[in-house]
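Trainee: Sharing a structure, written as structure tokens. Questions coming.
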Amino acid sequence: MKGKTFQKGITMAKIIVVTSGKGGVGKTTTAAAFSTALALRGYKTVVIDFDVGLRNLDLVMGCERRVVYDLINVINHEGNLNQALIKDKRVENLFILPASQTRNKDALTLEGVTTIIEELKERCDFIVCDSPAGIEHGAMMAMYFADEALIVTNPEVSSVRDSDRIIGMLASKTRRAEQGETPIKEHLLVTRYVPSRVTNGDMMSAEDVQEILAVPLLGVIPESKDILRASNSGMPITLEEKSDAGQAYHDAVARFLGETRPMRFLNVKKHFLSRWLGG
Amino acid sequence: MNVMQTNTSTPAFDLKGSRLTTLVLYFYRTDNTAIAAELKEKVAQAPSVFKQAPVILDLRAICNDQQTLDIPFLIEMLRGYGMLPIGVRGGNPKLNSLALAMGLNLFADLKNERNQTVEQIEDEQTVLSKLPPDAQLVPAKIIEHPVRSGQQIFSTGDLIILSMVSPGAEILAYRHIHVYGPLRGRALAGIQGDSTARIFCQKLEAQLVSIAGQYQINEDLSPALMGKPAQIYLKEEQLCIEPF
């Protein structure tokens, strides 16, 4: 399955930021699902939690009790990267770099993050950066080194507005923008989508969101009860084969890697509903 | 032994910068009697202010006068009121030598230089505004990327946006504004009062449009115009929005 460009040791890792501006739209769920799906395909993947002070990724990834050293420890040279990286027990090639719960985001220095990214770049295929909400320092650090960005948006106006703001920052406040390189490749991921509510007119359609943000649509993740259950049990949703949300994330990862997949879960369909209800 | 003691003892002095309020006496005439009378009146208003106050005599205005200012007389008078004349500035050689003879110092004429610079700048501005309008042409600013929420783009000439303007974004220009994508943010043309400025857009969904300070918000826009190509201009100080 491995693509030519990402063979270990041959090319530097691709850095992906998962960002949104607004909180609670599914950034951490996406970071966990996406990195797990990439690792399942054989890519060596590290997922970094940049939400210093509100550490969540390790919970969603089910490795909370194995955290000894964290991102800030590594930045402050209180531990090395190998000590801080947690190897996932279920998926080969998947590593988690947790955030610190006891510090604040000012502890994230640009020098420190640079050193970590540089070191990881030579050791893996993908680095997934889980951004904190907001447009402050932590979010800026998470996006600074990105090559590609997953913009996670809920189909409602305030989330769309905040995503628009973040996209503006991706184009102006990041390393690629500052050094005049090719801009960060942006991907739109619409989450918590309920096709029936779109039909009713309660919810913005994925098309509307895409039209307002003018960013290519990578995937639509349907609202699903599975996600809450999976998060609470520390299971990335892409490990749940039967879940439609998990399947939607797998589709999105496939498109991210250049495959063509039809958009599922966009419409209210009989077969979709029956499968959904039938579990 | 002696050397060691010198090294370890406290220093003999410290050299530090300090600010001291100094009075500057600007002379406009050389008439002793008039100066004496005005000075007496001034001091009488608040004698304590002038006690021990260092004073500099500014001679710029009178340095070319035919009659020479009687510096020795003035110094004596100032000292009589308790003031401490410390120097002069802006004088000619004759005035300066009189001042030096009275034990005063000559201060550099910094302020004079600065005034000249300001005058020069003003002169240049006057020249610029007298030029025909064509000579003042400012190139248009062309933006090829979307203008996102929270971003602000400003042009001192025309502003041309080839992509969209998101809600929450703001575009401003001294002259016309052209938007070739959807206009969903705020667009303000002629912000320096140019009432001939216009806004042209392919898809009008703006939160606010304004020409030379006359504005209209989204709620007041006619629904028939929403999403349509339109131009916005001022006609007899009224904002007109017309479809193409």
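If you're wondering about the labels, chains in the structure tokens are A, B, ... by order shown, residues count from 1 in each chain, ligands from 1 in order shown.
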Give me, as JSON lines, the closest atom pair and its distance (Å, one decimal) for every residue of chain B within a cut-off of 10 Å of chain A, counting only C-alpha atoms, rows sorted by chain and rising number.
Mentor:
```
{"residue": "B:His145", "atom": "CA", "partner": "A:Ala171", "partner_atom": "CA", "distance": 9.2}
{"residue": "B:Pro146", "atom": "CA", "partner": "A:Gly168", "partner_atom": "CA", "distance": 8.2}
{"residue": "B:Val147", "atom": "CA", "partner": "A:Gly168", "partner_atom": "CA", "distance": 7.4}
{"residue": "B:Arg148", "atom": "CA", "partner": "A:Gly168", "partner_atom": "CA", "distance": 5.2}
{"residue": "B:Ser149", "atom": "CA", "partner": "A:Arg165", "partner_atom": "CA", "distance": 4.8}
{"residue": "B:Gly150", "atom": "CA", "partner": "A:Arg165", "partner_atom": "CA", "distance": 6.0}
{"residue": "B:Gln151", "atom": "CA", "partner": "A:Gly168", "partner_atom": "CA", "distance": 7.3}
{"residue": "B:Ser163", "atom": "CA", "partner": "A:Ala214", "partner_atom": "CA", "distance": 9.6}
{"residue": "B:Met164", "atom": "CA", "partner": "A:Ala214", "partner_atom": "CA", "distance": 8.6}
{"residue": "B:Val165", "atom": "CA", "partner": "A:Ile212", "partner_atom": "CA", "distance": 9.7}
{"residue": "B:Ser166", "atom": "CA", "partner": "A:Ile212", "partner_atom": "CA", "distance": 7.5}
{"residue": "B:Pro167", "atom": "CA", "partner": "A:Arg161", "partner_atom": "CA", "distance": 7.4}
{"residue": "B:Gly168", "atom": "CA", "partner": "A:Arg161", "partner_atom": "CA", "distance": 7.8}
{"residue": "B:Ala169", "atom": "CA", "partner": "A:Arg165", "partner_atom": "CA", "distance": 9.0}
{"residue": "B:Pro182", "atom": "CA", "partner": "A:Ile212", "partner_atom": "CA", "distance": 9.0}
{"residue": "B:Arg184", "atom": "CA", "partner": "A:Ile212", "partner_atom": "CA", "distance": 9.2}
```
Trainee: Would you output that residue set with all heavy atoms, as a compact mmCIF listing (two decimals), in the first residue's frame?
Mentor:
```
# COMPACT_ATOMS: atom_id res chain seq x y z
N HIS B 145 -5.66 36.19 -4.02
CA HIS B 145 -6.11 35.14 -3.10
C HIS B 145 -7.38 35.58 -2.38
O HIS B 145 -7.69 36.77 -2.35
CB HIS B 145 -5.00 34.81 -2.10
CG HIS B 145 -4.53 36.00 -1.32
ND1 HIS B 145 -5.24 36.51 -0.26
CD2 HIS B 145 -3.45 36.79 -1.46
CE1 HIS B 145 -4.61 37.55 0.22
NE2 HIS B 145 -3.51 37.75 -0.48
N PRO B 146 -8.13 34.61 -1.81
CA PRO B 146 -9.34 35.01 -1.08
C PRO B 146 -8.99 35.91 0.11
O PRO B 146 -7.95 35.71 0.74
CB PRO B 146 -9.91 33.68 -0.58
CG PRO B 146 -9.25 32.62 -1.38
CD PRO B 146 -7.92 33.15 -1.79
N VAL B 147 -9.84 36.88 0.37
CA VAL B 147 -9.65 37.71 1.57
C VAL B 147 -10.53 37.09 2.65
O VAL B 147 -11.76 37.09 2.54
CB VAL B 147 -10.04 39.18 1.31
CG1 VAL B 147 -9.72 40.03 2.53
CG2 VAL B 147 -9.32 39.71 0.09
N ARG B 148 -9.88 36.51 3.66
CA ARG B 148 -10.60 35.71 4.66
C ARG B 148 -11.08 36.57 5.84
O ARG B 148 -10.58 37.67 6.07
CB ARG B 148 -9.67 34.63 5.21
CG ARG B 148 -9.10 33.70 4.16
CD ARG B 148 -10.08 32.63 3.79
NE ARG B 148 -9.57 31.72 2.79
CZ ARG B 148 -10.29 30.72 2.29
NH1 ARG B 148 -11.54 30.52 2.70
NH2 ARG B 148 -9.78 29.92 1.39
N SER B 149 -12.00 35.99 6.59
CA SER B 149 -12.52 36.62 7.80
C SER B 149 -11.37 37.12 8.68
O SER B 149 -10.41 36.40 8.91
CB SER B 149 -13.35 35.61 8.57
OG SER B 149 -13.80 36.16 9.77
N GLY B 150 -11.47 38.35 9.15
CA GLY B 150 -10.43 38.90 10.02
C GLY B 150 -9.32 39.58 9.27
O GLY B 150 -8.50 40.25 9.89
N GLN B 151 -9.29 39.44 7.95
CA GLN B 151 -8.23 40.10 7.20
C GLN B 151 -8.72 41.46 6.70
O GLN B 151 -9.92 41.66 6.49
CB GLN B 151 -7.79 39.24 6.01
CG GLN B 151 -7.08 37.98 6.46
CD GLN B 151 -6.64 37.11 5.30
OE1 GLN B 151 -7.25 37.10 4.23
NE2 GLN B 151 -5.58 36.35 5.50
N SER B 163 -10.44 37.14 -6.21
CA SER B 163 -11.10 36.02 -5.55
C SER B 163 -12.24 36.55 -4.69
O SER B 163 -12.72 37.66 -4.89
CB SER B 163 -10.06 35.26 -4.73
OG SER B 163 -10.63 34.11 -4.19
N MET B 164 -12.64 35.76 -3.70
CA MET B 164 -13.79 36.17 -2.89
C MET B 164 -13.37 37.02 -1.69
O MET B 164 -12.22 37.05 -1.31
CB MET B 164 -14.51 34.93 -2.39
CG MET B 164 -13.67 34.09 -1.45
SD MET B 164 -14.66 32.75 -0.78
CE MET B 164 -13.55 32.10 0.43
N VAL B 165 -14.34 37.70 -1.11
CA VAL B 165 -14.13 38.43 0.14
C VAL B 165 -15.09 37.81 1.16
O VAL B 165 -16.30 37.91 1.03
CB VAL B 165 -14.41 39.94 -0.03
CG1 VAL B 165 -14.23 40.67 1.29
CG2 VAL B 165 -13.51 40.53 -1.10
N SER B 166 -14.53 37.11 2.14
CA SER B 166 -15.36 36.38 3.11
C SER B 166 -16.09 37.31 4.06
O SER B 166 -15.66 38.44 4.29
CB SER B 166 -14.46 35.47 3.96
OG SER B 166 -13.96 34.43 3.20
N PRO B 167 -17.18 36.81 4.67
CA PRO B 167 -17.81 37.60 5.73
C PRO B 167 -16.78 37.83 6.84
O PRO B 167 -16.02 36.93 7.16
CB PRO B 167 -18.96 36.72 6.23
CG PRO B 167 -18.94 35.48 5.44
CD PRO B 167 -17.82 35.52 4.46
N GLY B 168 -16.79 39.01 7.42
CA GLY B 168 -15.82 39.30 8.48
C GLY B 168 -14.51 39.84 7.95
O GLY B 168 -13.65 40.22 8.72
N ALA B 169 -14.37 39.91 6.61
CA ALA B 169 -13.18 40.54 6.03
C ALA B 169 -13.54 41.97 5.66
O ALA B 169 -14.71 42.31 5.50
CB ALA B 169 -12.71 39.77 4.80
N PRO B 182 -17.30 36.28 -4.99
CA PRO B 182 -18.40 36.78 -4.17
C PRO B 182 -17.92 37.82 -3.16
O PRO B 182 -16.87 37.65 -2.56
CB PRO B 182 -18.89 35.52 -3.43
CG PRO B 182 -18.31 34.37 -4.18
CD PRO B 182 -17.06 34.86 -4.82
N ARG B 184 -18.68 39.14 0.24
CA ARG B 184 -19.50 38.81 1.42
C ARG B 184 -19.08 39.61 2.64
O ARG B 184 -19.75 39.57 3.67
CB ARG B 184 -19.36 37.32 1.74
CG ARG B 184 -19.83 36.42 0.60
CD ARG B 184 -19.83 34.96 0.99
NE ARG B 184 -20.37 34.15 -0.07
CZ ARG B 184 -19.71 33.16 -0.66
NH1 ARG B 184 -18.49 32.84 -0.27
NH2 ARG B 184 -20.28 32.46 -1.63
```
Trainee: Please list as number ranges by chain every residue within 12 Å of Asn73 (chain A), counting only C-alpha atoms and excluding residues in the same chain fewer than 6 positions away.
Mentor: A: 52, 67, 79-85, 97-103, 107-109, 112-113, 116
Trainee: Once you have the residues from the selection above, write them out as a PDB file, in the first residue's frame, restricted to C-alpha atoms.
Mentor:
```
ATOM      1  CA  VAL A  52      -0.939  22.132  26.245  1.00  0.00           C
ATOM      2  CA  VAL A  67       2.043   9.066  29.670  1.00  0.00           C
ATOM      3  CA  GLY A  79      13.317  13.919  28.792  1.00  0.00           C
ATOM      4  CA  ASN A  80      14.088  12.853  25.245  1.00  0.00           C
ATOM      5  CA  LEU A  81      11.774  12.209  22.337  1.00  0.00           C
ATOM      6  CA  ASN A  82      12.057   8.426  22.621  1.00  0.00           C
ATOM      7  CA  GLN A  83      10.933   8.568  26.221  1.00  0.00           C
ATOM      8  CA  ALA A  84       7.946  10.773  25.386  1.00  0.00           C
ATOM      9  CA  LEU A  85       6.685   8.947  22.272  1.00  0.00           C
ATOM     10  CA  LEU A  97       3.347  12.543  21.596  1.00  0.00           C
ATOM     11  CA  PRO A  98       1.137  13.802  24.418  1.00  0.00           C
ATOM     12  CA  ALA A  99       0.748  17.402  25.598  1.00  0.00           C
ATOM     13  CA  SER A 100       1.497  18.519  29.129  1.00  0.00           C
ATOM     14  CA  GLN A 101      -1.497  18.906  31.421  1.00  0.00           C
ATOM     15  CA  THR A 102       0.252  21.021  34.047  1.00  0.00           C
ATOM     16  CA  ARG A 103       1.807  23.727  31.905  1.00  0.00           C
ATOM     17  CA  ALA A 107       5.872  26.732  27.273  1.00  0.00           C
ATOM     18  CA  LEU A 108       5.623  25.852  23.560  1.00  0.00           C
ATOM     19  CA  THR A 109       8.621  27.703  22.173  1.00  0.00           C
ATOM     20  CA  GLY A 112      11.581  23.712  20.955  1.00  0.00           C
ATOM     21  CA  VAL A 113       8.885  22.791  18.433  1.00  0.00           C
ATOM     22  CA  ILE A 116      11.073  18.156  17.726  1.00  0.00           C
TER      23      ILE A 116
END
```
Trainee: Within 9 Å of region 33-42 of chain A, counting only C-alpha atoms, which residues show up once you throw out same-chain ones fewer than 4 positions away? Write them as a PyMOL selection string, please.
Mentor: chain A and resi 1-2+28-29+46-47+61+91-95+126-128+235-239+246+249-250+252-254
Trainee: So that I can check the surroundings of region 158-162 of chain B, please list as a PDB file with N, CA and C atoms, in the first residue's frame every protein, DNA and RNA residue that reaches within 7 Å of it, counting only C-alpha atoms and ignoring chain neighbours fewer than 4 positions away.
Mentor:
```pdb
ATOM      1  N   ALA B 140      -2.988  50.589  -8.841  1.00  0.00           N
ATOM      2  CA  ALA B 140      -4.036  49.790  -8.199  1.00  0.00           C
ATOM      3  C   ALA B 140      -3.393  48.619  -7.469  1.00  0.00           C
ATOM      4  N   LYS B 141      -4.057  48.168  -6.412  1.00  0.00           N
ATOM      5  CA  LYS B 141      -3.577  46.970  -5.719  1.00  0.00           C
ATOM      6  C   LYS B 141      -4.409  45.787  -6.201  1.00  0.00           C
ATOM      7  N   ILE B 142      -3.743  44.712  -6.601  1.00  0.00           N
ATOM      8  CA  ILE B 142      -4.452  43.531  -7.104  1.00  0.00           C
ATOM      9  C   ILE B 142      -4.218  42.367  -6.152  1.00  0.00           C
ATOM     10  N   ILE B 143      -5.301  41.783  -5.648  1.00  0.00           N
ATOM     11  CA  ILE B 143      -5.196  40.667  -4.712  1.00  0.00           C
ATOM     12  C   ILE B 143      -5.748  39.419  -5.395  1.00  0.00           C
ATOM     13  N   GLU B 144      -4.932  38.383  -5.476  1.00  0.00           N
ATOM     14  CA  GLU B 144      -5.359  37.190  -6.212  1.00  0.00           C
ATOM     15  C   GLU B 144      -5.909  36.094  -5.318  1.00  0.00           C
ATOM     16  N   ALA B 173     -10.472  51.236   0.090  1.00  0.00           N
ATOM     17  CA  ALA B 173      -9.658  51.885  -0.946  1.00  0.00           C
ATOM     18  C   ALA B 173      -9.976  53.365  -0.997  1.00  0.00           C
ATOM     19  N   TYR B 174      -8.961  54.138  -1.371  1.00  0.00           N
ATOM     20  CA  TYR B 174      -9.185  55.565  -1.604  1.00  0.00           C
ATOM     21  C   TYR B 174     -10.032  55.748  -2.867  1.00  0.00           C
ATOM     22  N   ARG B 175      -9.875  54.808  -3.810  1.00  0.00           N
ATOM     23  CA  ARG B 175     -10.592  54.926  -5.084  1.00  0.00           C
ATOM     24  C   ARG B 175     -11.615  53.787  -5.245  1.00  0.00           C
ATOM     25  N   HIS B 176     -11.696  53.212  -6.447  1.00  0.00           N
ATOM     26  CA  HIS B 176     -12.708  52.194  -6.733  1.00  0.00           C
ATOM     27  C   HIS B 176     -12.334  50.831  -6.139  1.00  0.00           C
ATOM     28  N   ILE B 177     -13.362  49.978  -5.981  1.00  0.00           N
ATOM     29  CA  ILE B 177     -13.133  48.596  -5.567  1.00  0.00           C
ATOM     30  C   ILE B 177     -13.791  47.670  -6.597  1.00  0.00           C
ATOM     31  N   HIS B 178     -13.061  46.694  -7.044  1.00  0.00           N
ATOM     32  CA  HIS B 178     -13.593  45.688  -7.975  1.00  0.00           C
ATOM     33  C   HIS B 178     -13.449  44.320  -7.312  1.00  0.00           C
ATOM     34  N   VAL B 179     -14.515  43.543  -7.268  1.00  0.00           N
ATOM     35  CA  VAL B 179     -14.417  42.207  -6.682  1.00  0.00           C
ATOM     36  C   VAL B 179     -14.958  41.201  -7.694  1.00  0.00           C
ATOM     37  N   TYR B 180     -14.122  40.271  -8.104  1.00  0.00           N
ATOM     38  CA  TYR B 180     -14.522  39.318  -9.139  1.00  0.00           C
ATOM     39  C   TYR B 180     -15.059  38.006  -8.576  1.00  0.00           C
ATOM     40  N   GLY B 181     -14.829  37.749  -7.268  1.00  0.00           N
ATOM     41  CA  GLY B 181     -15.463  36.613  -6.596  1.00  0.00           C
ATOM     42  C   GLY B 181     -16.662  37.139  -5.820  1.00  0.00           C
TER      43      GLY B 181
END
```
Trainee: What's around Arg29 (chain B) at 10 Å? Count only C-alpha atoms, leave out sequence neighbours fewer than 6 positions away in its own chain, and write the answer as an MDAnalysis selection string.
Mentor: chainID B and resid 35 59 61:63 65 67:69
Trainee: Enumerate the residues of region 100-242 of chain B with a DSSP assignment of helix (DSSP H, G or I), computed from the backbone, and present them as an MDAnalysis selection string.
Mentor: chainID B and resid 100:101 110:130 133:136 218:220
Trainee: Write down as a PyMOL selection string the residues of region 96-202 of chain A whose backbone DSSP state falls under strand (DSSP E).
Mentor: chain A and resi 96-97+126-130+148-153+185-193
Trainee: Got a sec: who's within 9 Å of Asn92 (chain B), counting only C-alpha atoms, leaving out chain neighbours fewer than 3 positions off, as a VMD selection string?
Mentor: chain B and resid 59 to 60 63 to 64 95 to 97
Trainee: Keeping only N, CA, C and O atoms, write those residues as a PDB file, in the first residue's frame.
Mentor:
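Output file again_20.pdb is given in full below:
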```pdb
ATOM      1  N   LEU B  59      17.853  83.769  21.331  1.00  0.00           N
ATOM      2  CA  LEU B  59      18.073  85.046  20.666  1.00  0.00           C
ATOM      3  C   LEU B  59      17.750  85.005  19.179  1.00  0.00           C
ATOM      4  O   LEU B  59      18.034  85.957  18.448  1.00  0.00           O
ATOM      5  N   ARG B  60      17.153  83.900  18.718  1.00  0.00           N
ATOM      6  CA  ARG B  60      16.953  83.735  17.283  1.00  0.00           C
ATOM      7  C   ARG B  60      16.198  84.898  16.644  1.00  0.00           C
ATOM      8  O   ARG B  60      16.568  85.398  15.591  1.00  0.00           O
ATOM      9  N   CYS B  63      18.411  88.238  16.581  1.00  0.00           N
ATOM     10  CA  CYS B  63      19.843  88.223  16.295  1.00  0.00           C
ATOM     11  C   CYS B  63      20.202  89.070  15.072  1.00  0.00           C
ATOM     12  O   CYS B  63      21.354  89.451  14.894  1.00  0.00           O
ATOM     13  N   ASN B  64      19.203  89.384  14.242  1.00  0.00           N
ATOM     14  CA  ASN B  64      19.507  90.214  13.074  1.00  0.00           C
ATOM     15  C   ASN B  64      19.061  91.673  13.263  1.00  0.00           C
ATOM     16  O   ASN B  64      19.126  92.476  12.340  1.00  0.00           O
ATOM     17  N   LEU B  95      26.432  88.921  19.929  1.00  0.00           N
ATOM     18  CA  LEU B  95      25.625  88.557  21.103  1.00  0.00           C
ATOM     19  C   LEU B  95      26.306  87.440  21.879  1.00  0.00           C
ATOM     20  O   LEU B  95      26.330  87.444  23.115  1.00  0.00           O
ATOM     21  N   ASN B  96      26.856  86.473  21.142  1.00  0.00           N
ATOM     22  CA  ASN B  96      27.510  85.339  21.800  1.00  0.00           C
ATOM     23  C   ASN B  96      28.700  85.807  22.626  1.00  0.00           C
ATOM     24  O   ASN B  96      28.898  85.341  23.749  1.00  0.00           O
ATOM     25  N   SER B  97      29.494  86.718  22.091  1.00  0.00           N
ATOM     26  CA  SER B  97      30.673  87.154  22.836  1.00  0.00           C
ATOM     27  C   SER B  97      30.251  87.930  24.090  1.00  0.00           C
ATOM     28  O   SER B  97      30.864  87.818  25.144  1.00  0.00           O
TER      29      SER B  97
END
```
Trainee: Need the shell around Glu205 (chain B): protein/DNA/RNA residues with any atom at most 9 Å away, counting only C-alpha atoms. Skip same-chain ones fewer than 3 positions apart. Format as a compact mmCIF listing (two decimals) with all heavy atoms, in the first residue's frame?
Mentor:
```txt
# COMPACT_ATOMS: atom_id res chain seq x y z
N PRO B 167 -17.18 36.81 4.67
CA PRO B 167 -17.81 37.60 5.73
C PRO B 167 -16.78 37.83 6.84
O PRO B 167 -16.02 36.93 7.16
CB PRO B 167 -18.96 36.72 6.23
CG PRO B 167 -18.94 35.48 5.44
CD PRO B 167 -17.82 35.52 4.46
N PRO B 182 -17.30 36.28 -4.99
CA PRO B 182 -18.40 36.78 -4.17
C PRO B 182 -17.92 37.82 -3.16
O PRO B 182 -16.87 37.65 -2.56
CB PRO B 182 -18.89 35.52 -3.43
CG PRO B 182 -18.31 34.37 -4.18
CD PRO B 182 -17.06 34.86 -4.82
N LEU B 183 -18.67 38.92 -3.03
CA LEU B 183 -18.34 39.94 -2.03
C LEU B 183 -19.25 39.73 -0.82
O LEU B 183 -20.44 40.04 -0.86
CB LEU B 183 -18.54 41.34 -2.62
CG LEU B 183 -18.47 42.52 -1.64
CD1 LEU B 183 -17.17 42.52 -0.85
CD2 LEU B 183 -18.66 43.84 -2.36
N ARG B 184 -18.68 39.14 0.24
CA ARG B 184 -19.50 38.81 1.42
C ARG B 184 -19.08 39.61 2.64
O ARG B 184 -19.75 39.57 3.67
CB ARG B 184 -19.36 37.32 1.74
CG ARG B 184 -19.83 36.42 0.60
CD ARG B 184 -19.83 34.96 0.99
NE ARG B 184 -20.37 34.15 -0.07
CZ ARG B 184 -19.71 33.16 -0.66
NH1 ARG B 184 -18.49 32.84 -0.27
NH2 ARG B 184 -20.28 32.46 -1.63
N GLY B 185 -17.98 40.29 2.58
CA GLY B 185 -17.50 41.06 3.73
C GLY B 185 -17.90 42.52 3.63
O GLY B 185 -18.96 42.85 3.10
N LEU B 208 -21.54 45.05 4.38
CA LEU B 208 -21.65 46.51 4.37
C LEU B 208 -20.97 47.04 3.12
O LEU B 208 -19.92 46.54 2.72
CB LEU B 208 -20.98 47.08 5.63
CG LEU B 208 -20.92 48.61 5.81
CD1 LEU B 208 -21.07 48.95 7.27
CD2 LEU B 208 -19.63 49.20 5.28
N ASN B 218 -26.09 45.13 5.25
CA ASN B 218 -26.71 44.00 4.55
C ASN B 218 -28.24 43.99 4.67
O ASN B 218 -28.94 43.75 3.69
CB ASN B 218 -26.11 42.72 5.12
CG ASN B 218 -26.54 41.50 4.36
OD1 ASN B 218 -27.67 41.07 4.49
ND2 ASN B 218 -25.66 40.96 3.53
N LEU B 221 -30.03 46.03 2.15
CA LEU B 221 -29.86 45.75 0.72
C LEU B 221 -31.11 45.08 0.18
O LEU B 221 -31.72 44.25 0.85
CB LEU B 221 -28.66 44.83 0.49
CG LEU B 221 -27.27 45.38 0.81
CD1 LEU B 221 -26.22 44.30 0.59
CD2 LEU B 221 -26.95 46.61 -0.01
N LEU B 225 -31.29 42.24 -5.27
CA LEU B 225 -29.91 42.45 -5.72
C LEU B 225 -28.95 41.41 -5.16
O LEU B 225 -27.84 41.25 -5.67
CB LEU B 225 -29.43 43.84 -5.28
CG LEU B 225 -30.07 45.03 -5.97
CD1 LEU B 225 -29.80 46.30 -5.19
CD2 LEU B 225 -29.55 45.15 -7.39
N MET B 226 -29.39 40.73 -4.11
CA MET B 226 -28.49 39.81 -3.42
C MET B 226 -28.02 38.69 -4.34
O MET B 226 -28.81 38.05 -5.03
CB MET B 226 -29.19 39.20 -2.20
CG MET B 226 -29.39 40.21 -1.09
SD MET B 226 -27.84 40.87 -0.50
CE MET B 226 -27.62 39.86 0.94
N GLY B 227 -26.71 38.50 -4.34
CA GLY B 227 -26.13 37.43 -5.13
C GLY B 227 -25.96 37.79 -6.60
O GLY B 227 -25.53 36.97 -7.39
N LYS B 228 -26.34 39.02 -6.95
CA LYS B 228 -26.27 39.45 -8.36
C LYS B 228 -25.04 40.33 -8.59
O LYS B 228 -24.52 40.94 -7.66
CB LYS B 228 -27.54 40.26 -8.71
CG LYS B 228 -28.82 39.52 -8.48
CD LYS B 228 -29.21 38.76 -9.73
CE LYS B 228 -30.28 37.71 -9.49
NZ LYS B 228 -31.40 38.12 -8.64
```
